[in-house]
Amino acid sequence: MSFSYRSIVMLLSVIIFASLLKLAFFAVPKDNTAPMLNAQEVRQDLYALLDQIEQHSAFYALTPDKASPQLKYMASLIVEQYQDMTPNDRFAAEITKLLNSLKDPGAQVHDFDDQSGDLPLTLRPLNDQWLALDSSNSPINNDFPFVTHIDGLPMSKWVAASQAYLPEPAKQSQEMQLPWLKKLNLLREDLGLSIKPYVLITLINDDLQTQQVTLALPSHQPQTQLASSNQEVKTQDMSVLEFINQLSQFERTEFQDVPHQLETVNNTTVKLKISDLYAFELNRDLQQELLKGMTHPLLIIDLRDASGFSPKLLTLLSRYQDADLNNTLAPNVMGFAHYRRSPELRNDYLQPLNFKPLDALEYSVPRLKSLTRNLPSVDEDKFSPWYIRTKPTVTPEGRNRLALLVSPKCRQECEWIAYRTKSWSRANLIGEKTSGDFARQYHFKLPNSGLDIRFSSSLTYDAQGKLLSGAGTEPDIWLPQNSDIQWQGLVSLVRSAKPKTQIIQTSQPTKLAQAKLN
């Protein structure tokens, strides 16, 4: 049997490609995250962490004289407290508290396996009380629906302990507290309580009668390492054809969260959920859904989990803004920003955040000086020159209303949307205060624990030079965040909200529907 030249080349190409795929398995670094750290490893990781913060954190550079001794003091307390073997999840919790002292809403700790025992119920805030729910979101006791104490301590103690793991803007957010309130054994250690395989819950009803219930904690099987080992063996035994088949079925995570379509609330109101602002920019069908929703008297957009730096959504929503005919020096300026200087950062570092250098405005030197006169003086060795962002050039249209659901998880460009729409007379923000996370983040891994650390490397200011990063935007209507929103009731909240003062009545032709809310 003879082979043609083309057949031989094709066969060799397939063999080479298969060999490269096999080599890729060995080239991918294994997850060597240590489940326990000794005292020396803790000190080494803390030293690396403080060094990276001093070099790259924008919030640290704001007040280094105050931040440096505070961080070193907190690090010394961690070293003093953990002289023996330290669980990786406990060390991650301490690092979280240390980072929160920066008051940086973008500070995060990732890549650790949480081994702490979880509370075997779901807490849901209701006014000043906490509902105790089971896995199906039903009260664990219909006659005594609220929880007042856990292990004999009032809920206020547990809430205060959970707030230590939250950055300053999110400390009062019930939504952000819930994941940390769930970490029972972690908070037990902080409160000086013993670790037990059960928890004592005190319940109360509307008549102030109480009942105590003992619940067993779910057993935590240390399957993470075992699963990793099994997966490693399976990977090594996997044939190339099986690997190629898996690649063909792989779905990128950014495409798994498909935005919701336009939904009807009543005959005058529709709602739309948008989480990925990058995906929204690429999804023309969803953009058309938004434009269709803007023709209704009231459009509700759920941005509680929105992130990404695409400006497309803000540009489209700017049709709801008020006509601004104030004759100011630079009426189109939306804000300023600068980033923490670093040898590895290019001068276009803020371009993905839709900022451009001041020189791009082509203003005269006196006009530029007047434009930036309210900006704070900064250390030029630590921060880049100022960058500017301008408002979308959009003509206001119609008299329709807009309601935006926001939360501390509304980040990046979503923060700009909340900040801009806050002043619009036809828009209402509903939910909890945002965190003020506008920034690009700096990422690195700690050498021993393998923790992925992230914090803000840029700062954002408004057109008057006021710091926006870390400040957050207050909603017009405060509403605790949960998954059981009564949409018709939310419409009633919007209707009853105190009217905002409109900057100036627009004389532009109305292209959107102008029907009144029922």
# chains A, B, ... in the order shown; residues from 1 in each chain; ligands from 1
call {"tool": "residues_around", "arguments": {"residues": "Leu313 of chain A", "least_positions_apart": "4", "cutoff": "9 Å", "atoms": "only C-alpha atoms", "output": "PyMOL selection string"}}
result
chain A and resi 277+280-281+287+317-318+417
call {"tool": "write_last_selection", "arguments": {"atoms": "N, CA and C atoms", "output": "PDB file, in the first residue's frame"}}
result
ATOM      1  N   LEU A 277     -21.513  43.913  30.669  1.00  0.00           N
ATOM      2  CA  LEU A 277     -21.574  45.076  29.788  1.00  0.00           C
ATOM      3  C   LEU A 277     -20.761  44.872  28.519  1.00  0.00           C
ATOM      4  N   PHE A 280     -23.077  42.919  26.328  1.00  0.00           N
ATOM      5  CA  PHE A 280     -24.136  43.803  25.830  1.00  0.00           C
ATOM      6  C   PHE A 280     -23.656  44.578  24.600  1.00  0.00           C
ATOM      7  N   GLU A 281     -22.431  45.032  24.602  1.00  0.00           N
ATOM      8  CA  GLU A 281     -21.911  45.792  23.462  1.00  0.00           C
ATOM      9  C   GLU A 281     -21.868  44.948  22.196  1.00  0.00           C
ATOM     10  N   GLN A 287     -29.402  44.886  22.424  1.00  0.00           N
ATOM     11  CA  GLN A 287     -29.489  46.338  22.276  1.00  0.00           C
ATOM     12  C   GLN A 287     -30.842  46.744  21.700  1.00  0.00           C
ATOM     13  N   LEU A 317     -28.523  54.926  27.288  1.00  0.00           N
ATOM     14  CA  LEU A 317     -29.375  55.441  28.362  1.00  0.00           C
ATOM     15  C   LEU A 317     -29.314  56.963  28.474  1.00  0.00           C
ATOM     16  N   SER A 318     -28.314  57.574  27.878  1.00  0.00           N
ATOM     17  CA  SER A 318     -28.184  59.029  27.975  1.00  0.00           C
ATOM     18  C   SER A 318     -29.345  59.763  27.299  1.00  0.00           C
ATOM     19  N   ILE A 417     -22.701  54.462  35.358  1.00  0.00           N
ATOM     20  CA  ILE A 417     -24.125  54.536  35.032  1.00  0.00           C
ATOM     21  C   ILE A 417     -24.919  55.006  36.253  1.00  0.00           C
TER      22      ILE A 417
END
call {"tool": "select_by_dssp", "arguments": {"residues": "segment 404-436 of chain A", "states": "strand (DSSP E)", "output": "list in words"}}
result
Leu404, Leu405, Val406, Ala427, Asn428, Leu429, Ile430 and Gly431 of chain A
call {"tool": "closest_atom_pairs", "arguments": {"of": "segment 61-134 of chain A", "to": "segment 451-463 of chain A", "cutoff": "6 Å", "atoms": "only C-alpha atoms", "output": "CSV"}}
result
residue,atom,partner,partner_atom,distance
A:Gly106,CA,A:Phe455,CA,5.2
A:Ala107,CA,A:Phe455,CA,4.1
A:Gln108,CA,A:Arg454,CA,5.1
A:Val109,CA,A:Ile453,CA,4.9
A:His110,CA,A:Asp452,CA,4.8
A:Asp111,CA,A:Leu451,CA,5.4
call {"tool": "write_last_selection", "arguments": {"atoms": "N, CA and C atoms", "output": "short mmCIF file (atom, residue, chain, number, x, y, z; two decimals), in the first residue's frame"}}
result
data_model
loop_
_atom_site.label_atom_id
_atom_site.label_comp_id
_atom_site.auth_asym_id
_atom_site.auth_seq_id
_atom_site.Cartn_x
_atom_site.Cartn_y
_atom_site.Cartn_z
N GLY A 106 -12.27 47.59 45.55
CA GLY A 106 -11.84 46.58 44.59
C GLY A 106 -10.94 45.52 45.18
N ALA A 107 -10.58 45.63 46.47
CA ALA A 107 -9.69 44.65 47.09
C ALA A 107 -10.41 43.32 47.26
N GLN A 108 -9.80 42.24 46.77
CA GLN A 108 -10.42 40.91 46.81
C GLN A 108 -9.37 39.85 47.03
N VAL A 109 -9.79 38.73 47.60
CA VAL A 109 -8.93 37.56 47.78
C VAL A 109 -9.63 36.37 47.13
N HIS A 110 -8.90 35.69 46.23
CA HIS A 110 -9.48 34.56 45.49
C HIS A 110 -8.59 33.33 45.63
N ASP A 111 -9.06 32.24 45.07
CA ASP A 111 -8.31 30.98 44.96
C ASP A 111 -8.00 30.34 46.31
#
call {"tool": "closest_residue", "arguments": {"among": "A:Glu175, A:Arg367, A:Val270, A:Arg284", "to": "Glu432 of chain A", "atoms": "only C-alpha atoms"}}
result
A:Glu175
call {"tool": "select_by_dssp", "arguments": {"residues": "segment 288-430 of chain A", "states": "alpha helix (DSSP H)", "output": "compact mmCIF listing (two decimals) with N, CA and C atoms, in the first residue's frame"}}
result
# COMPACT_ATOMS: atom_id res chain seq x y z
N GLN A 288 -31.33 45.96 20.75
CA GLN A 288 -32.65 46.26 20.20
C GLN A 288 -33.75 46.04 21.24
N GLU A 289 -33.56 45.04 22.10
CA GLU A 289 -34.51 44.83 23.19
C GLU A 289 -34.53 46.06 24.11
N LEU A 290 -33.35 46.60 24.39
CA LEU A 290 -33.28 47.80 25.23
C LEU A 290 -34.00 48.97 24.57
N LEU A 291 -33.72 49.19 23.30
CA LEU A 291 -34.36 50.31 22.59
C LEU A 291 -35.87 50.14 22.56
N LYS A 292 -36.32 48.89 22.41
CA LYS A 292 -37.76 48.64 22.44
C LYS A 292 -38.32 48.95 23.83
N GLY A 293 -37.56 48.58 24.87
CA GLY A 293 -38.00 48.88 26.23
C GLY A 293 -38.05 50.37 26.51
N LYS A 312 -21.24 51.36 25.99
CA LYS A 312 -22.39 51.31 25.09
C LYS A 312 -23.71 51.54 25.83
N LEU A 313 -23.91 50.90 26.97
CA LEU A 313 -25.18 51.03 27.69
C LEU A 313 -25.39 52.45 28.18
N LEU A 314 -24.36 53.08 28.74
CA LEU A 314 -24.50 54.46 29.21
C LEU A 314 -24.83 55.39 28.05
N THR A 315 -24.24 55.14 26.90
CA THR A 315 -24.52 55.98 25.73
C THR A 315 -25.99 55.89 25.35
N LEU A 316 -26.54 54.68 25.33
CA LEU A 316 -27.95 54.53 24.96
C LEU A 316 -28.87 55.12 26.02
N LEU A 317 -28.52 54.93 27.29
CA LEU A 317 -29.38 55.44 28.36
C LEU A 317 -29.31 56.96 28.47
N VAL A 365 -3.26 75.89 26.94
CA VAL A 365 -2.70 75.66 28.28
C VAL A 365 -3.51 76.37 29.36
N PRO A 366 -3.88 77.65 29.18
CA PRO A 366 -4.70 78.29 30.22
C PRO A 366 -6.03 77.59 30.45
N ARG A 367 -6.66 77.12 29.37
CA ARG A 367 -7.94 76.44 29.54
C ARG A 367 -7.78 75.12 30.26
N LEU A 368 -6.71 74.38 29.96
CA LEU A 368 -6.45 73.13 30.65
C LEU A 368 -6.21 73.36 32.14
N LYS A 369 -5.47 74.41 32.46
CA LYS A 369 -5.22 74.72 33.86
C LYS A 369 -6.51 75.06 34.59
N SER A 370 -7.37 75.79 33.92
CA SER A 370 -8.65 76.13 34.54
C SER A 370 -9.53 74.89 34.69
N LEU A 371 -9.45 74.00 33.72
CA LEU A 371 -10.25 72.78 33.75
C LEU A 371 -9.85 71.88 34.91
N GLU A 413 -17.97 50.06 34.87
CA GLU A 413 -18.80 50.99 34.12
C GLU A 413 -20.18 51.15 34.74
N CYS A 414 -20.66 50.12 35.42
CA CYS A 414 -21.95 50.22 36.09
C CYS A 414 -21.92 51.32 37.15
N GLU A 415 -20.77 51.55 37.76
CA GLU A 415 -20.64 52.65 38.71
C GLU A 415 -20.87 53.99 38.02
N TRP A 416 -20.35 54.15 36.81
CA TRP A 416 -20.57 55.39 36.06
C TRP A 416 -22.05 55.56 35.72
N ILE A 417 -22.70 54.46 35.36
CA ILE A 417 -24.13 54.54 35.03
C ILE A 417 -24.92 55.01 36.25
N ALA A 418 -24.61 54.43 37.42
CA ALA A 418 -25.30 54.84 38.64
C ALA A 418 -25.01 56.31 38.96
N TYR A 419 -23.75 56.70 38.84
CA TYR A 419 -23.36 58.08 39.18
C TYR A 419 -24.03 59.08 38.24
N ARG A 420 -24.07 58.79 36.95
CA ARG A 420 -24.63 59.73 35.98
C ARG A 420 -26.14 59.82 36.11
N THR A 421 -26.81 58.67 36.21
CA THR A 421 -28.28 58.68 36.23
C THR A 421 -28.84 59.22 37.53
call {"tool": "residues_around", "arguments": {"residues": "Thr473 of chain A", "least_positions_apart": "2", "cutoff": "8 Å", "atoms": "only C-alpha atoms", "output": "list in words"}}
result
Glu415, Ala418, Tyr419, Lys422, Lys433, Thr434, Ser435, Gly436, Ala471 and Pro475 of chain A
call {"tool": "closest_residue", "arguments": {"among": "A:Leu467, A:Ala360, A:Ala439, A:Val265", "to": "Phe309 of chain A", "atoms": "only C-alpha atoms"}}
result
A:Ala439
call {"tool": "closest_residue", "arguments": {"among": "A:Leu203, A:Met10, A:Leu446, A:Ile150", "to": "Leu50 of chain A", "atoms": "only C-alpha atoms"}}
result
A:Leu446
call {"tool": "atom_distance", "arguments": {"atom1": "atom CA of Ser138 of chain A", "atom2": "atom CA of Arg124 of chain A"}}
result
10.7 Å
call {"tool": "atom_distance", "arguments": {"atom1": "atom CA of Asn267 of chain A", "atom2": "atom CA of Arg399 of chain A"}}
result
17.0 Å
call {"tool": "atom_distance", "arguments": {"atom1": "atom CA of Leu345 of chain A", "atom2": "atom CA of Ser275 of chain A"}}
result
28.5 Å
call {"tool": "closest_residue", "arguments": {"among": "A:Leu479, A:Leu361, A:Met74, A:Leu98", "to": "Asn127 of chain A", "atoms": "only C-alpha atoms"}}
result
A:Leu479
call {"tool": "decode", "arguments": {"residues": "segment 103-135 of chain A", "atoms": "N, CA, C and O atoms", "output": "PDB file, in the first residue's frame"}}
result
ATOM      1  N   LYS A 103      -9.632  50.567  52.623  1.00  0.00           N
ATOM      2  CA  LYS A 103     -10.916  51.136  52.197  1.00  0.00           C
ATOM      3  C   LYS A 103     -11.030  51.137  50.673  1.00  0.00           C
ATOM      4  O   LYS A 103     -11.559  52.059  50.063  1.00  0.00           O
ATOM      5  N   ASP A 104     -10.521  50.083  50.087  1.00  0.00           N
ATOM      6  CA  ASP A 104     -10.516  49.905  48.630  1.00  0.00           C
ATOM      7  C   ASP A 104     -11.647  48.948  48.259  1.00  0.00           C
ATOM      8  O   ASP A 104     -11.602  47.766  48.609  1.00  0.00           O
ATOM      9  N   PRO A 105     -12.683  49.416  47.552  1.00  0.00           N
ATOM     10  CA  PRO A 105     -13.799  48.524  47.202  1.00  0.00           C
ATOM     11  C   PRO A 105     -13.413  47.440  46.212  1.00  0.00           C
ATOM     12  O   PRO A 105     -14.149  46.460  46.050  1.00  0.00           O
ATOM     13  N   GLY A 106     -12.265  47.589  45.550  1.00  0.00           N
ATOM     14  CA  GLY A 106     -11.838  46.584  44.587  1.00  0.00           C
ATOM     15  C   GLY A 106     -10.937  45.521  45.180  1.00  0.00           C
ATOM     16  O   GLY A 106     -10.551  44.583  44.475  1.00  0.00           O
ATOM     17  N   ALA A 107     -10.580  45.627  46.467  1.00  0.00           N
ATOM     18  CA  ALA A 107      -9.693  44.651  47.093  1.00  0.00           C
ATOM     19  C   ALA A 107     -10.411  43.318  47.256  1.00  0.00           C
ATOM     20  O   ALA A 107     -11.504  43.267  47.813  1.00  0.00           O
ATOM     21  N   GLN A 108      -9.801  42.240  46.772  1.00  0.00           N
ATOM     22  CA  GLN A 108     -10.424  40.914  46.808  1.00  0.00           C
ATOM     23  C   GLN A 108      -9.365  39.845  47.032  1.00  0.00           C
ATOM     24  O   GLN A 108      -8.192  40.024  46.683  1.00  0.00           O
ATOM     25  N   VAL A 109      -9.787  38.729  47.599  1.00  0.00           N
ATOM     26  CA  VAL A 109      -8.934  37.556  47.783  1.00  0.00           C
ATOM     27  C   VAL A 109      -9.626  36.372  47.128  1.00  0.00           C
ATOM     28  O   VAL A 109     -10.778  36.066  47.432  1.00  0.00           O
ATOM     29  N   HIS A 110      -8.904  35.690  46.230  1.00  0.00           N
ATOM     30  CA  HIS A 110      -9.483  34.564  45.490  1.00  0.00           C
ATOM     31  C   HIS A 110      -8.588  33.332  45.631  1.00  0.00           C
ATOM     32  O   HIS A 110      -7.502  33.390  46.195  1.00  0.00           O
ATOM     33  N   ASP A 111      -9.062  32.236  45.069  1.00  0.00           N
ATOM     34  CA  ASP A 111      -8.314  30.983  44.963  1.00  0.00           C
ATOM     35  C   ASP A 111      -7.997  30.342  46.308  1.00  0.00           C
ATOM     36  O   ASP A 111      -6.848  30.035  46.610  1.00  0.00           O
ATOM     37  N   PHE A 112      -8.999  30.160  47.140  1.00  0.00           N
ATOM     38  CA  PHE A 112      -8.805  29.375  48.340  1.00  0.00           C
ATOM     39  C   PHE A 112     -10.064  28.556  48.598  1.00  0.00           C
ATOM     40  O   PHE A 112     -11.160  28.950  48.248  1.00  0.00           O
ATOM     41  N   ASP A 113      -9.845  27.410  49.217  1.00  0.00           N
ATOM     42  CA  ASP A 113     -10.951  26.496  49.531  1.00  0.00           C
ATOM     43  C   ASP A 113     -11.436  26.796  50.938  1.00  0.00           C
ATOM     44  O   ASP A 113     -10.690  26.642  51.904  1.00  0.00           O
ATOM     45  N   ASP A 114     -12.656  27.253  51.056  1.00  0.00           N
ATOM     46  CA  ASP A 114     -13.216  27.616  52.346  1.00  0.00           C
ATOM     47  C   ASP A 114     -13.614  26.350  53.109  1.00  0.00           C
ATOM     48  O   ASP A 114     -14.569  25.672  52.749  1.00  0.00           O
ATOM     49  N   GLN A 115     -12.859  26.023  54.157  1.00  0.00           N
ATOM     50  CA  GLN A 115     -13.105  24.813  54.931  1.00  0.00           C
ATOM     51  C   GLN A 115     -13.988  25.058  56.150  1.00  0.00           C
ATOM     52  O   GLN A 115     -14.255  24.142  56.909  1.00  0.00           O
ATOM     53  N   SER A 116     -14.376  26.303  56.391  1.00  0.00           N
ATOM     54  CA  SER A 116     -15.144  26.606  57.605  1.00  0.00           C
ATOM     55  C   SER A 116     -16.557  26.057  57.499  1.00  0.00           C
ATOM     56  O   SER A 116     -17.145  25.994  56.425  1.00  0.00           O
ATOM     57  N   GLY A 117     -17.101  25.656  58.662  1.00  0.00           N
ATOM     58  CA  GLY A 117     -18.456  25.136  58.695  1.00  0.00           C
ATOM     59  C   GLY A 117     -19.471  26.212  58.379  1.00  0.00           C
ATOM     60  O   GLY A 117     -19.363  27.346  58.861  1.00  0.00           O
ATOM     61  N   ASP A 118     -20.440  25.889  57.543  1.00  0.00           N
ATOM     62  CA  ASP A 118     -21.443  26.863  57.135  1.00  0.00           C
ATOM     63  C   ASP A 118     -22.674  26.772  58.014  1.00  0.00           C
ATOM     64  O   ASP A 118     -23.035  25.702  58.524  1.00  0.00           O
ATOM     65  N   LEU A 119     -23.351  27.903  58.156  1.00  0.00           N
ATOM     66  CA  LEU A 119     -24.622  27.951  58.875  1.00  0.00           C
ATOM     67  C   LEU A 119     -25.652  27.130  58.102  1.00  0.00           C
ATOM     68  O   LEU A 119     -25.848  27.349  56.900  1.00  0.00           O
ATOM     69  N   PRO A 120     -26.325  26.176  58.751  1.00  0.00           N
ATOM     70  CA  PRO A 120     -27.234  25.281  58.029  1.00  0.00           C
ATOM     71  C   PRO A 120     -28.617  25.881  57.786  1.00  0.00           C
ATOM     72  O   PRO A 120     -29.630  25.185  57.854  1.00  0.00           O
ATOM     73  N   LEU A 121     -28.667  27.169  57.526  1.00  0.00           N
ATOM     74  CA  LEU A 121     -29.919  27.827  57.163  1.00  0.00           C
ATOM     75  C   LEU A 121     -29.578  29.085  56.379  1.00  0.00           C
ATOM     76  O   LEU A 121     -28.428  29.513  56.325  1.00  0.00           O
ATOM     77  N   THR A 122     -30.583  29.646  55.760  1.00  0.00           N
ATOM     78  CA  THR A 122     -30.404  30.865  54.980  1.00  0.00           C
ATOM     79  C   THR A 122     -30.998  32.042  55.741  1.00  0.00           C
ATOM     80  O   THR A 122     -32.143  31.972  56.200  1.00  0.00           O
ATOM     81  N   LEU A 123     -30.217  33.093  55.877  1.00  0.00           N
ATOM     82  CA  LEU A 123     -30.685  34.306  56.542  1.00  0.00           C
ATOM     83  C   LEU A 123     -31.161  35.296  55.486  1.00  0.00           C
ATOM     84  O   LEU A 123     -30.506  35.480  54.459  1.00  0.00           O
ATOM     85  N   ARG A 124     -32.297  35.905  55.757  1.00  0.00           N
ATOM     86  CA  ARG A 124     -32.793  36.921  54.830  1.00  0.00           C
ATOM     87  C   ARG A 124     -33.271  38.130  55.633  1.00  0.00           C
ATOM     88  O   ARG A 124     -34.112  37.991  56.538  1.00  0.00           O
ATOM     89  N   PRO A 125     -32.727  39.308  55.349  1.00  0.00           N
ATOM     90  CA  PRO A 125     -33.124  40.501  56.111  1.00  0.00           C
ATOM     91  C   PRO A 125     -34.560  40.920  55.791  1.00  0.00           C
ATOM     92  O   PRO A 125     -34.997  40.887  54.641  1.00  0.00           O
ATOM     93  N   LEU A 126     -35.282  41.320  56.811  1.00  0.00           N
ATOM     94  CA  LEU A 126     -36.634  41.846  56.655  1.00  0.00           C
ATOM     95  C   LEU A 126     -36.792  42.967  57.670  1.00  0.00           C
ATOM     96  O   LEU A 126     -36.952  42.714  58.863  1.00  0.00           O
ATOM     97  N   ASN A 127     -36.699  44.194  57.168  1.00  0.00           N
ATOM     98  CA  ASN A 127     -36.672  45.370  58.036  1.00  0.00           C
ATOM     99  C   ASN A 127     -35.484  45.239  58.999  1.00  0.00           C
ATOM    100  O   ASN A 127     -34.355  45.120  58.568  1.00  0.00           O
ATOM    101  N   ASP A 128     -35.741  45.215  60.300  1.00  0.00           N
ATOM    102  CA  ASP A 128     -34.654  45.097  61.274  1.00  0.00           C
ATOM    103  C   ASP A 128     -34.499  43.683  61.811  1.00  0.00           C
ATOM    104  O   ASP A 128     -33.784  43.456  62.791  1.00  0.00           O
ATOM    105  N   GLN A 129     -35.150  42.717  61.184  1.00  0.00           N
ATOM    106  CA  GLN A 129     -35.088  41.342  61.645  1.00  0.00           C
ATOM    107  C   GLN A 129     -34.504  40.455  60.555  1.00  0.00           C
ATOM    108  O   GLN A 129     -34.335  40.868  59.407  1.00  0.00           O
ATOM    109  N   TRP A 130     -34.211  39.198  60.955  1.00  0.00           N
ATOM    110  CA  TRP A 130     -33.643  38.233  60.020  1.00  0.00           C
ATOM    111  C   TRP A 130     -34.543  37.007  59.968  1.00  0.00           C
ATOM    112  O   TRP A 130     -34.796  36.362  60.995  1.00  0.00           O
ATOM    113  N   LEU A 131     -35.020  36.699  58.776  1.00  0.00           N
ATOM    114  CA  LEU A 131     -35.790  35.469  58.579  1.00  0.00           C
ATOM    115  C   LEU A 131     -34.839  34.276  58.556  1.00  0.00           C
ATOM    116  O   LEU A 131     -33.739  34.354  58.006  1.00  0.00           O
ATOM    117  N   ALA A 132     -35.272  33.157  59.142  1.00  0.00           N
ATOM    118  CA  ALA A 132     -34.511  31.915  59.121  1.00  0.00           C
ATOM    119  C   ALA A 132     -35.187  30.970  58.126  1.00  0.00           C
ATOM    120  O   ALA A 132     -36.285  30.467  58.394  1.00  0.00           O
ATOM    121  N   LEU A 133     -34.543  30.727  56.978  1.00  0.00           N
ATOM    122  CA  LEU A 133     -35.150  29.951  55.901  1.00  0.00           C
ATOM    123  C   LEU A 133     -34.372  28.673  55.654  1.00  0.00           C
ATOM    124  O   LEU A 133     -33.169  28.587  55.920  1.00  0.00           O
ATOM    125  N   ASP A 134     -35.068  27.674  55.121  1.00  0.00           N
ATOM    126  CA  ASP A 134     -34.406  26.430  54.745  1.00  0.00           C
ATOM    127  C   ASP A 134     -33.936  26.507  53.299  1.00  0.00           C
ATOM    128  O   ASP A 134     -33.978  27.558  52.670  1.00  0.00           O
ATOM    129  N   SER A 135     -33.497  25.375  52.757  1.00  0.00           N
ATOM    130  CA  SER A 135     -32.935  25.357  51.408  1.00  0.00           C
ATOM    131  C   SER A 135     -33.955  25.695  50.327  1.00  0.00           C
ATOM    132  O   SER A 135     -33.586  26.089  49.222  1.00  0.00           O
TER     133      SER A 135
END
